[in-house]
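What's in my_file-v5.cif: mmCIF, C-alpha atoms
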```cif
data_structure
loop_
_atom_site.group_PDB
_atom_site.id
_atom_site.type_symbol
_atom_site.label_atom_id
_atom_site.label_comp_id
_atom_site.auth_asym_id
_atom_site.auth_seq_id
_atom_site.Cartn_x
_atom_site.Cartn_y
_atom_site.Cartn_z
ATOM 1 C CA MET I 240 0.000 0.000 0.000
ATOM 2 C CA GLY I 241 2.814 2.386 0.930
ATOM 3 C CA GLU I 242 4.710 1.912 -2.377
ATOM 4 C CA GLN I 243 1.658 2.435 -4.494
ATOM 5 C CA SER I 244 0.919 5.636 -2.636
ATOM 6 C CA SER I 245 4.429 6.913 -3.037
ATOM 7 C CA GLY I 246 4.487 6.148 -6.768
ATOM 8 C CA GLY I 247 1.124 7.954 -7.335
ATOM 9 C CA SER I 248 2.417 11.069 -5.661
ATOM 10 C CA SER I 249 5.446 11.206 -7.867
ATOM 11 C CA LYS I 250 3.419 10.966 -11.073
ATOM 12 C CA SER I 251 0.981 13.605 -9.893
ATOM 13 C CA GLY I 252 3.820 16.029 -9.107
ATOM 14 C CA LYS I 253 5.238 15.638 -12.598
ATOM 15 C CA ALA I 254 1.821 16.313 -14.137
ATOM 16 C CA ASP I 255 1.424 19.469 -12.064
ATOM 17 C CA GLU I 256 4.793 20.714 -13.246
ATOM 18 C CA LYS I 257 3.741 20.180 -16.874
ATOM 19 C CA ASP I 258 0.328 21.928 -16.388
ATOM 20 C CA ALA I 259 1.690 25.003 -14.614
ATOM 21 C CA PRO I 260 2.937 26.885 -17.707
ATOM 22 C CA ALA I 261 -0.373 26.243 -19.505
ATOM 23 C CA GLY I 262 -2.325 27.611 -16.542
ATOM 24 C CA ARG I 263 -0.183 30.712 -16.320
ATOM 25 C CA ALA I 264 -0.646 31.332 -20.106
ATOM 26 C CA ALA I 265 -4.405 30.965 -19.814
ATOM 27 C CA ALA I 266 -4.513 33.338 -16.889
ATOM 28 C CA ALA I 267 -2.395 35.870 -18.769
ATOM 29 C CA LYS I 268 -4.625 35.577 -21.823
ATOM 30 C CA LYS I 269 -7.695 36.061 -19.654
ATOM 31 C CA ALA I 270 -6.184 39.185 -18.094
ATOM 32 C CA VAL I 271 -5.396 40.671 -21.503
ATOM 33 C CA THR I 272 -8.959 40.016 -22.651
ATOM 34 C CA ALA I 273 -10.306 41.682 -19.522
ATOM 35 C CA LYS I 274 -8.127 44.732 -20.092
ATOM 36 C CA LYS I 275 -9.296 45.010 -23.685
ATOM 37 C CA ALA I 276 -12.912 44.762 -22.612
ATOM 38 C CA GLU I 277 -12.333 47.412 -19.961
ATOM 39 C CA ALA I 278 -10.670 49.701 -22.500
ATOM 40 C CA ALA I 279 -13.488 49.130 -24.961
ATOM 41 C CA GLY I 280 -16.023 49.917 -22.272
ATOM 42 C CA LYS I 281 -14.300 53.195 -21.503
ATOM 43 C CA ALA I 282 -14.027 54.097 -25.200
ATOM 44 C CA ALA I 283 -17.682 53.339 -26.029
ATOM 45 C CA PRO I 284 -19.179 56.503 -24.439
ATOM 46 C CA ALA I 285 -16.539 58.621 -26.144
ATOM 47 C CA LYS I 286 -17.342 57.042 -29.515
ATOM 48 C CA ARG I 287 -21.064 57.508 -28.962
ATOM 49 C CA ALA I 288 -20.538 61.161 -28.028
ATOM 50 C CA ALA I 289 -18.402 61.742 -31.117
ATOM 51 C CA SER I 290 -21.008 60.047 -33.286
ATOM 52 C CA ALA I 291 -23.779 62.160 -31.749
ATOM 53 C CA ARG I 292 -21.794 65.331 -32.343
ATOM 54 C CA LYS I 293 -21.275 64.325 -35.957
ATOM 55 C CA ALA I 294 -24.955 63.508 -36.507
ATOM 56 C CA ALA I 295 -26.399 66.577 -34.733
ATOM 57 C CA PRO I 296 -27.376 69.443 -37.076
ATOM 58 C CA VAL I 297 -25.217 72.516 -36.921
ATOM 59 C CA LYS I 298 -27.106 75.432 -35.443
ATOM 60 C CA LYS I 299 -27.061 78.505 -37.669
ATOM 61 C CA ALA I 300 -27.219 82.034 -36.427
ATOM 62 C CA ALA I 301 -30.682 83.583 -36.591
ATOM 63 C CA PRO I 302 -31.116 85.721 -39.710
ATOM 64 C CA VAL I 303 -30.965 89.462 -39.212
ATOM 65 C CA LYS I 304 -34.315 91.111 -39.822
ATOM 66 C CA LYS I 305 -34.084 93.496 -42.752
ATOM 67 C CA THR I 306 -36.220 96.395 -43.833
ATOM 68 C CA ALA I 307 -37.179 94.650 -47.052
ATOM 69 C CA ALA I 308 -37.290 91.086 -48.244
ATOM 70 C CA LYS I 309 -34.742 89.557 -50.576
ATOM 71 C CA SER I 310 -35.778 88.316 -53.985
ATOM 72 C CA PRO I 311 -37.720 85.086 -53.498
ATOM 73 C CA ALA I 312 -35.759 83.241 -56.190
ATOM 74 C CA GLY I 313 -36.308 79.559 -55.597
ATOM 75 C CA GLU I 314 -39.251 80.283 -53.295
ATOM 76 C CA SER I 315 -41.324 77.165 -52.748
ATOM 77 C CA ARG I 316 -44.983 77.047 -53.672
ATOM 78 C CA THR I 317 -45.949 76.851 -50.013
ATOM 79 C CA ALA I 318 -43.792 79.869 -49.149
ATOM 80 C CA LEU I 319 -45.297 81.841 -52.043
ATOM 81 C CA VAL I 320 -48.846 81.108 -50.917
ATOM 82 C CA ARG I 321 -48.031 82.128 -47.345
ATOM 83 C CA ARG I 322 -46.342 85.363 -48.428
ATOM 84 C CA ALA I 323 -49.164 86.283 -50.818
ATOM 85 C CA ARG I 324 -51.838 85.715 -48.197
ATOM 86 C CA ARG I 325 -49.892 87.657 -45.588
ATOM 87 C CA ILE I 326 -49.641 90.612 -47.987
ATOM 88 C CA ASN I 327 -53.397 90.507 -48.464
ATOM 89 C CA ARG I 328 -53.960 90.418 -44.680
ATOM 90 C CA GLU I 329 -51.629 93.387 -44.185
ATOM 91 C CA LEU I 330 -53.415 95.385 -46.905
ATOM 92 C CA ALA I 331 -56.789 94.529 -45.377
ATOM 93 C CA GLU I 332 -55.642 96.234 -42.186
ATOM 94 C CA VAL I 333 -54.395 99.290 -44.083
ATOM 95 C CA TYR I 334 -57.546 99.550 -46.233
ATOM 96 C CA PRO I 335 -60.361 98.065 -44.118
ATOM 97 C CA TYR I 336 -62.913 100.140 -46.048
ATOM 98 C CA ALA I 337 -61.652 99.226 -49.553
ATOM 99 C CA HIS I 338 -64.492 99.192 -52.074
ATOM 100 C CA PRO I 339 -65.116 99.695 -55.807
ATOM 101 C CA GLU I 340 -64.380 103.336 -56.531
ATOM 102 C CA LEU I 341 -67.128 103.744 -59.098
ATOM 103 C CA ASP I 342 -70.433 105.257 -57.981
ATOM 104 C CA PHE I 343 -73.440 103.032 -58.710
ATOM 105 C CA ASP I 344 -76.906 102.282 -57.403
ATOM 106 C CA ASP I 345 -77.621 99.063 -59.326
ATOM 107 C CA PRO I 346 -75.890 96.488 -61.571
ATOM 108 C CA PHE I 347 -76.716 98.430 -64.742
ATOM 109 C CA GLN I 348 -75.028 101.595 -63.481
ATOM 110 C CA LEU I 349 -71.961 99.646 -62.341
ATOM 111 C CA LEU I 350 -71.730 97.866 -65.699
ATOM 112 C CA VAL I 351 -71.882 101.113 -67.680
ATOM 113 C CA ALA I 352 -69.501 102.929 -65.317
ATOM 114 C CA THR I 353 -66.950 100.101 -65.541
ATOM 115 C CA VAL I 354 -67.015 100.189 -69.350
ATOM 116 C CA LEU I 355 -66.499 103.964 -69.244
ATOM 117 C CA SER I 356 -63.562 103.660 -66.831
ATOM 118 C CA ALA I 357 -61.214 102.280 -69.505
ATOM 119 C CA GLN I 358 -58.279 104.648 -70.162
ATOM 120 C CA THR I 359 -59.478 107.184 -67.587
ATOM 121 C CA THR I 360 -59.872 107.558 -63.827
ATOM 122 C CA ASP I 361 -62.798 106.394 -61.738
ATOM 123 C CA LEU I 362 -63.052 109.965 -60.507
ATOM 124 C CA ARG I 363 -63.659 111.255 -64.021
ATOM 125 C CA VAL I 364 -66.298 108.577 -64.594
ATOM 126 C CA ASN I 365 -68.027 109.432 -61.304
ATOM 127 C CA GLN I 366 -68.118 113.073 -62.324
ATOM 128 C CA THR I 367 -69.689 112.151 -65.675
ATOM 129 C CA THR I 368 -72.233 109.396 -65.020
ATOM 130 C CA PRO I 369 -74.742 111.419 -62.939
ATOM 131 C CA ALA I 370 -75.777 113.343 -66.057
ATOM 132 C CA LEU I 371 -75.864 110.147 -68.142
ATOM 133 C CA PHE I 372 -78.097 108.220 -65.728
ATOM 134 C CA ALA I 373 -80.335 111.225 -65.113
ATOM 135 C CA GLU I 374 -81.077 111.289 -68.864
ATOM 136 C CA TYR I 375 -81.059 107.512 -69.458
ATOM 137 C CA PRO I 376 -81.858 105.653 -66.214
ATOM 138 C CA THR I 377 -82.570 102.193 -67.729
ATOM 139 C CA PRO I 378 -81.087 99.961 -70.445
ATOM 140 C CA GLU I 379 -84.225 100.518 -72.514
ATOM 141 C CA ASP I 380 -83.702 104.293 -72.362
ATOM 142 C CA LEU I 381 -80.018 104.149 -73.307
ATOM 143 C CA ALA I 382 -80.668 101.591 -76.059
ATOM 144 C CA VAL I 383 -82.686 104.126 -78.087
ATOM 145 C CA ALA I 384 -80.623 107.201 -77.200
ATOM 146 C CA ASP I 385 -79.296 109.630 -79.804
ATOM 147 C CA PRO I 386 -75.564 108.747 -80.096
ATOM 148 C CA GLU I 387 -74.571 112.387 -80.534
ATOM 149 C CA LYS I 388 -76.211 113.368 -77.257
ATOM 150 C CA VAL I 389 -74.546 110.473 -75.450
ATOM 151 C CA GLU I 390 -71.173 111.391 -76.972
ATOM 152 C CA GLU I 391 -71.499 114.905 -75.663
ATOM 153 C CA ILE I 392 -72.161 113.646 -72.139
ATOM 154 C CA LEU I 393 -69.295 111.154 -72.285
ATOM 155 C CA ARG I 394 -66.737 113.481 -73.863
ATOM 156 C CA PRO I 395 -64.881 114.110 -70.539
ATOM 157 C CA CYS I 396 -64.176 110.353 -70.238
ATOM 158 C CA GLY I 397 -62.069 110.202 -73.398
ATOM 159 C CA PHE I 398 -62.577 107.805 -76.328
ATOM 160 C CA PHE I 399 -66.168 108.999 -76.093
ATOM 161 C CA ARG I 400 -67.251 107.762 -79.537
ATOM 162 C CA ALA I 401 -66.127 104.181 -78.930
ATOM 163 C CA LYS I 402 -67.566 104.246 -75.410
ATOM 164 C CA THR I 403 -70.861 105.584 -76.714
ATOM 165 C CA ARG I 404 -71.095 102.666 -79.145
ATOM 166 C CA SER I 405 -70.330 100.247 -76.324
ATOM 167 C CA VAL I 406 -72.850 101.530 -73.781
ATOM 168 C CA ILE I 407 -75.627 101.866 -76.356
ATOM 169 C CA GLY I 408 -74.788 98.429 -77.737
ATOM 170 C CA LEU I 409 -74.750 96.685 -74.367
ATOM 171 C CA SER I 410 -78.006 98.446 -73.450
ATOM 172 C CA LYS I 411 -79.663 97.119 -76.605
ATOM 173 C CA ALA I 412 -78.397 93.614 -75.827
ATOM 174 C CA LEU I 413 -79.724 93.856 -72.267
ATOM 175 C CA ALA I 414 -83.121 95.089 -73.487
ATOM 176 C CA GLU I 415 -83.452 92.515 -76.265
ATOM 177 C CA ASP I 416 -81.787 89.430 -74.783
ATOM 178 C CA PHE I 417 -82.090 89.757 -71.012
ATOM 179 C CA GLY I 418 -85.345 91.623 -70.429
ATOM 180 C CA GLY I 419 -83.542 94.815 -69.434
ATOM 181 C CA GLU I 420 -81.707 93.074 -66.572
ATOM 182 C CA VAL I 421 -77.950 92.647 -66.151
ATOM 183 C CA PRO I 422 -77.183 88.915 -66.166
ATOM 184 C CA GLY I 423 -75.383 87.456 -63.182
ATOM 185 C CA ARG I 424 -73.282 84.929 -65.124
ATOM 186 C CA LEU I 425 -69.810 85.436 -66.537
ATOM 187 C CA GLU I 426 -70.574 83.692 -69.819
ATOM 188 C CA ASP I 427 -73.505 86.059 -70.448
ATOM 189 C CA LEU I 428 -71.745 89.251 -69.430
ATOM 190 C CA VAL I 429 -68.742 88.774 -71.719
ATOM 191 C CA LYS I 430 -71.078 88.542 -74.724
ATOM 192 C CA LEU I 431 -72.161 92.153 -74.228
ATOM 193 C CA PRO I 432 -70.451 94.851 -76.373
ATOM 194 C CA GLY I 433 -67.411 96.349 -74.640
ATOM 195 C CA VAL I 434 -67.516 93.849 -71.747
ATOM 196 C CA GLY I 435 -64.503 91.653 -71.048
ATOM 197 C CA ARG I 436 -63.595 89.435 -68.115
ATOM 198 C CA LYS I 437 -62.260 92.340 -66.041
ATOM 199 C CA THR I 438 -65.509 94.292 -66.361
ATOM 200 C CA ALA I 439 -67.570 91.166 -65.813
ATOM 201 C CA PHE I 440 -65.768 90.331 -62.552
ATOM 202 C CA VAL I 441 -66.221 93.893 -61.272
ATOM 203 C CA VAL I 442 -69.963 93.535 -61.801
ATOM 204 C CA LEU I 443 -70.197 89.979 -60.473
ATOM 205 C CA GLY I 444 -68.158 90.717 -57.366
ATOM 206 C CA ASN I 445 -69.661 94.051 -56.414
ATOM 207 C CA ALA I 446 -73.237 93.930 -57.705
ATOM 208 C CA PHE I 447 -73.985 90.226 -57.253
ATOM 209 C CA GLY I 448 -71.576 89.185 -54.493
ATOM 210 C CA ARG I 449 -69.986 86.503 -56.666
ATOM 211 C CA PRO I 450 -66.195 86.224 -56.225
ATOM 212 C CA GLY I 451 -63.985 87.418 -59.033
ATOM 213 C CA ILE I 452 -60.517 88.863 -59.613
ATOM 214 C CA THR I 453 -60.290 92.236 -61.336
ATOM 215 C CA VAL I 454 -57.051 92.329 -63.322
ATOM 216 C CA ASP I 455 -56.646 96.014 -64.146
ATOM 217 C CA THR I 456 -53.340 97.816 -64.804
ATOM 218 C CA HIS I 457 -52.673 98.336 -61.083
ATOM 219 C CA PHE I 458 -53.330 94.690 -60.278
ATOM 220 C CA GLN I 459 -51.069 93.492 -63.088
ATOM 221 C CA ARG I 460 -48.221 95.771 -62.011
ATOM 222 C CA LEU I 461 -48.304 94.861 -58.328
ATOM 223 C CA VAL I 462 -48.625 91.089 -58.592
ATOM 224 C CA ARG I 463 -45.596 91.040 -60.888
ATOM 225 C CA ARG I 464 -43.626 93.275 -58.522
ATOM 226 C CA TRP I 465 -44.501 90.933 -55.694
ATOM 227 C CA GLN I 466 -43.523 87.967 -57.875
ATOM 228 C CA TRP I 467 -46.839 86.229 -57.397
ATOM 229 C CA THR I 468 -46.672 85.440 -61.106
ATOM 230 C CA GLY I 469 -44.530 86.234 -64.115
ATOM 231 C CA GLU I 470 -47.480 86.132 -66.519
ATOM 232 C CA THR I 471 -48.367 89.189 -68.581
ATOM 233 C CA ASP I 472 -51.653 88.067 -70.141
ATOM 234 C CA PRO I 473 -54.585 89.222 -67.946
ATOM 235 C CA ASP I 474 -56.407 85.890 -68.160
ATOM 236 C CA LYS I 475 -53.276 83.975 -67.133
ATOM 237 C CA ILE I 476 -52.610 86.442 -64.306
ATOM 238 C CA GLU I 477 -56.167 85.923 -63.097
ATOM 239 C CA ALA I 478 -55.700 82.144 -63.065
ATOM 240 C CA ALA I 479 -52.256 82.241 -61.425
ATOM 241 C CA VAL I 480 -53.239 84.635 -58.630
ATOM 242 C CA GLY I 481 -56.607 82.983 -58.106
ATOM 243 C CA ALA I 482 -54.805 79.719 -57.362
ATOM 244 C CA LEU I 483 -52.996 81.356 -54.416
ATOM 245 C CA PHE I 484 -56.160 82.341 -52.541
ATOM 246 C CA PRO I 485 -59.511 80.870 -51.515
ATOM 247 C CA LYS I 486 -62.220 81.898 -53.946
ATOM 248 C CA SER I 487 -64.019 83.772 -51.173
ATOM 249 C CA ASP I 488 -61.072 86.211 -50.960
ATOM 250 C CA TRP I 489 -60.953 87.160 -54.633
ATOM 251 C CA THR I 490 -63.178 90.267 -54.683
ATOM 252 C CA ASP I 491 -61.692 91.917 -51.581
ATOM 253 C CA LEU I 492 -58.199 90.943 -52.709
ATOM 254 C CA SER I 493 -58.803 92.891 -55.923
ATOM 255 C CA HIS I 494 -59.862 95.965 -53.961
ATOM 256 C CA HIS I 495 -56.844 95.775 -51.634
ATOM 257 C CA VAL I 496 -54.328 95.436 -54.469
ATOM 258 C CA ILE I 497 -55.913 98.143 -56.633
ATOM 259 C CA TRP I 498 -56.173 100.584 -53.733
ATOM 260 C CA HIS I 499 -52.534 99.999 -52.857
ATOM 261 C CA GLY I 500 -51.496 100.511 -56.467
ATOM 262 C CA ARG I 501 -53.347 103.814 -56.696
ATOM 263 C CA ARG I 502 -52.227 105.201 -53.376
ATOM 264 C CA ILE I 503 -48.718 103.922 -52.663
ATOM 265 C CA CYS I 504 -47.240 101.469 -55.190
ATOM 266 C CA HIS I 505 -47.354 103.765 -58.208
ATOM 267 C CA ALA I 506 -46.204 102.784 -61.685
ATOM 268 C CA ARG I 507 -43.380 105.291 -62.136
ATOM 269 C CA ARG I 508 -42.307 106.126 -58.619
ATOM 270 C CA PRO I 509 -43.596 103.838 -55.887
ATOM 271 C CA ALA I 510 -43.453 105.186 -52.343
ATOM 272 C CA CYS I 511 -41.360 102.309 -50.953
ATOM 273 C CA GLY I 512 -40.353 104.202 -47.825
ATOM 274 C CA ALA I 513 -44.016 104.597 -46.803
ATOM 275 C CA CYS I 514 -45.160 101.127 -47.813
ATOM 276 C CA PRO I 515 -46.679 98.958 -45.055
ATOM 277 C CA ILE I 516 -45.683 95.708 -46.785
ATOM 278 C CA ALA I 517 -42.061 96.623 -47.584
ATOM 279 C CA PRO I 518 -40.672 93.644 -45.590
ATOM 280 C CA LEU I 519 -42.641 91.284 -47.855
ATOM 281 C CA CYS I 520 -41.876 92.966 -51.190
ATOM 282 C CA PRO I 521 -39.119 91.638 -53.495
ATOM 283 C CA ALA I 522 -39.229 94.924 -55.440
ATOM 284 C CA TYR I 523 -38.475 97.153 -52.438
ATOM 285 C CA GLY I 524 -36.077 99.880 -53.526
ATOM 286 C CA GLU I 525 -37.493 100.430 -57.012
ATOM 287 C CA GLY I 526 -39.022 103.628 -55.699
ATOM 288 C CA GLU I 527 -38.278 106.264 -53.077
ATOM 289 C CA THR I 528 -37.066 104.643 -49.846
ATOM 290 C CA ASP I 529 -36.599 107.761 -47.727
ATOM 291 C CA PRO I 530 -39.670 107.858 -45.437
ATOM 292 C CA GLU I 531 -40.137 111.630 -45.580
ATOM 293 C CA LYS I 532 -39.792 111.829 -49.361
ATOM 294 C CA ALA I 533 -41.973 108.745 -49.816
ATOM 295 C CA ARG I 534 -44.808 110.250 -47.765
ATOM 296 C CA LYS I 535 -44.978 113.146 -50.207
ATOM 297 C CA LEU I 536 -45.719 110.698 -53.010
ATOM 298 C CA LEU I 537 -48.867 109.290 -51.390
ATOM 299 C CA LYS I 538 -52.119 109.897 -53.247
ATOM 300 C CA TYR I 539 -55.798 110.085 -52.329
ATOM 301 C CA GLU I 540 -56.753 110.000 -48.656
ATOM 302 C CA LYS I 541 -53.346 108.652 -47.606
ATOM 303 C CA GLY I 542 -51.882 111.923 -48.825
ATOM 304 C CA GLY I 543 -54.659 114.120 -47.453
ATOM 305 C CA LEU I 544 -56.708 114.095 -50.670
ATOM 306 C CA PRO I 545 -60.253 112.783 -51.202
ATOM 307 C CA GLY I 546 -61.006 109.415 -52.753
ATOM 308 C CA GLN I 547 -62.587 108.709 -56.125
ATOM 309 C CA ARG I 548 -66.285 108.509 -55.293
ATOM 310 C CA LEU I 549 -68.832 111.288 -55.122
ATOM 311 C CA LYS I 550 -71.063 108.992 -53.040
ATOM 312 C CA PRO I 551 -68.687 106.740 -51.086
ATOM 313 C CA PRO I 552 -69.871 104.022 -48.685
ATOM 314 C CA ARG I 553 -70.597 104.965 -45.094
ATOM 315 C CA ALA I 554 -67.672 102.839 -43.836
ATOM 316 C CA TYR I 555 -65.281 104.937 -45.890
ATOM 317 C CA LEU I 556 -66.687 108.195 -44.552
ATOM 318 C CA ASP I 557 -66.672 106.898 -40.977
ATOM 319 C CA ALA I 558 -62.981 106.050 -41.368
ATOM 320 C CA GLY I 559 -62.168 109.638 -42.334
ATOM 321 C CA GLY I 560 -62.424 109.414 -46.106
ATOM 322 C CA ARG I 561 -63.831 112.333 -48.077
ATOM 323 C CA PRO I 562 -66.022 112.374 -51.186
ATOM 324 C CA ALA I 563 -64.475 113.437 -54.470
ATOM 325 C CA PRO I 564 -65.358 116.880 -55.851
ATOM 326 C CA PRO I 565 -68.191 117.146 -58.373
ATOM 327 C CA LEU I 566 -67.493 117.869 -62.040
ATOM 328 C CA GLY I 567 -66.382 121.436 -62.665
ATOM 329 C CA SER I 568 -65.485 122.178 -59.033
ATOM 330 C CA GLY I 569 -61.795 122.404 -59.777
#
```
Spell out the structure here as structure tokens.
Amino acid sequence: MGEQSSGGSSKSGKADEKDAPAGRAAAAKKAVTAKKAEAAGKAAPAKRAASARKAAPVKKAAPVKKTAAKSPAGESRTALVRRARRINRELAEVYPYAHPELDFDDPFQLLVATVLSAQTTDLRVNQTTPALFAEYPTPEDLAVADPEKVEEILRPCGFFRAKTRSVIGLSKALAEDFGGEVPGRLEDLVKLPGVGRKTAFVVLGNAFGRPGITVDTHFQRLVRRWQWTGETDPDKIEAAVGALFPKSDWTDLSHHVIWHGRRICHARRPACGACPIAPLCPAYGEGETDPEKARKLLKYEKGGLPGQRLKPPRAYLDAGGRPAPPLGSG
């Protein structure tokens, strides 16, 4: 028993001596792996932070607010719609009493007055039509009028011969085709002599309450300055601008733009320095930018002068507007 025990111990000791290096190598390898894991653990937050810094958007400095807007080259459709509607809201605050500047008591008077307003001012038409309607109050009366007498009345409006033919012709058409009543449909109105889409929309919007865009010379000039459209054809301008606004806004929009064009944003020398929508206008600087000089360019009631109507609406008078002078008053 004793020899067997002694021999077993000797073999076991030799085996331990052989296994010792392998154990130490495994332990060393395990320690290295642990150190690497520890280093990786420490590096992970740093890598994540660096990655987050790389992915985070760079904050830009807030743009400096300028007196006027830059050209909206590359302006998105959404941005254009927002800017156009904001301009209309601003003008609605400046001209809360905006209205058609032709005097009229019924659709027939407005139709005739609008035809006469071509190539002249609404003021001149308002000074002329009282005598015309006193003599010929209905379409039936004007349809059978003596052209020479009508020409004499309309002479102050300019192009009086052509305008006489138009108003007598449309009166005959109204008497013969529409029972002496002004039709309330676009397709019927544009068939009348001397009546185009612009005139038709004035009548529809202001005599019948049906929305329409009036593309006169002021409207065309301003919407191009504001870069709402680059079109030059009135029908295409009407379509392009109409697409920017709800239909319910069209009639008042026309009044706001036309009033602004007559009073501040003039054709030859706009009063940029006195313009309430200068920050929204790409054309700022085309006119006078000095506030004092610009104020001297204002017309109508904004410059201390009366408006265009002899019989303006009560809202206009309540807001401080004054009637225009009658014909021959100077």
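Omitting range 392-400 of chain I and its sequence neighbours fewer than 6 positions away, and counting all atoms listed in the file, the residues within 7 Å are Leu355, Thr359, Arg363, Val364, Thr367 and Leu371 of chain I.
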Compare I:Gln358, I:Ala478, I:Pro485, I:Gly526 by their minimum atom-to-atom distance to Thr456 in chain I, counting only C-alpha atoms, and give me the closest one.
I:Gln358
Pull the neighbourhood of (-78.1, 92.7, -68.8) for me: all residues within 12 Å in file coordinates, counting only C-alpha atoms, as a CSV table (one decimal) with C-alpha atoms, in the coordinates of the input.
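Written file, part.csv:
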```csv
chain,number,residue,atom,x,y,z
I,345,ASP,CA,-77.6,99.1,-59.3
I,346,PRO,CA,-75.9,96.5,-61.6
I,347,PHE,CA,-76.7,98.4,-64.7
I,348,GLN,CA,-75.0,101.6,-63.5
I,349,LEU,CA,-72.0,99.6,-62.3
I,350,LEU,CA,-71.7,97.9,-65.7
I,351,VAL,CA,-71.9,101.1,-67.7
I,377,THR,CA,-82.6,102.2,-67.7
I,378,PRO,CA,-81.1,100.0,-70.4
I,379,GLU,CA,-84.2,100.5,-72.5
I,382,ALA,CA,-80.7,101.6,-76.1
I,406,VAL,CA,-72.8,101.5,-73.8
I,408,GLY,CA,-74.8,98.4,-77.7
I,409,LEU,CA,-74.8,96.7,-74.4
I,410,SER,CA,-78.0,98.4,-73.4
I,411,LYS,CA,-79.7,97.1,-76.6
I,412,ALA,CA,-78.4,93.6,-75.8
I,413,LEU,CA,-79.7,93.9,-72.3
I,414,ALA,CA,-83.1,95.1,-73.5
I,415,GLU,CA,-83.5,92.5,-76.3
I,416,ASP,CA,-81.8,89.4,-74.8
I,417,PHE,CA,-82.1,89.8,-71.0
I,418,GLY,CA,-85.3,91.6,-70.4
I,419,GLY,CA,-83.5,94.8,-69.4
I,420,GLU,CA,-81.7,93.1,-66.6
I,421,VAL,CA,-78.0,92.6,-66.2
I,422,PRO,CA,-77.2,88.9,-66.2
I,423,GLY,CA,-75.4,87.5,-63.2
I,424,ARG,CA,-73.3,84.9,-65.1
I,425,LEU,CA,-69.8,85.4,-66.5
I,426,GLU,CA,-70.6,83.7,-69.8
I,427,ASP,CA,-73.5,86.1,-70.4
I,428,LEU,CA,-71.7,89.3,-69.4
I,429,VAL,CA,-68.7,88.8,-71.7
I,430,LYS,CA,-71.1,88.5,-74.7
I,431,LEU,CA,-72.2,92.2,-74.2
I,432,PRO,CA,-70.5,94.9,-76.4
I,434,VAL,CA,-67.5,93.8,-71.7
I,439,ALA,CA,-67.6,91.2,-65.8
I,442,VAL,CA,-70.0,93.5,-61.8
I,443,LEU,CA,-70.2,90.0,-60.5
```
For CA of Glu390 in chain I and CA of Lys402 in chain I, the interatomic separation in Å (one decimal):
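A separation of 8.2 Å between them.
Each of I:Pro339, I:Gly542, I:Pro564, I:Pro521 was checked against Glu314 in chain I using only C-alpha atoms; the smallest atom-to-atom distance is that of I:Pro521.
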Given the PyMOL selection byres ((chain I and resi 512) around 10) and the file above, list the residues it selects as number ranges by chain.
I: 306, 503, 509-511, 513-515, 517, 523-524, 526-534, 536
Counting all atoms listed in the file, which of I:Pro552, I:Pro565, I:Gly444, I:Gly481 gets nearest to His494 in chain I?
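Distance minimum relative to His494 in chain I lands on I:Gly444.
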Given the choices I:Arg553, I:Trp498, I:Val480, I:Gly559, which gets closest to Ala331 in chain I if the distance is worked out from only C-alpha atoms?
I:Trp498
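Between CA of Arg561 in chain I and CA of Thr438 in chain I lies a distance of 25.7 Å.
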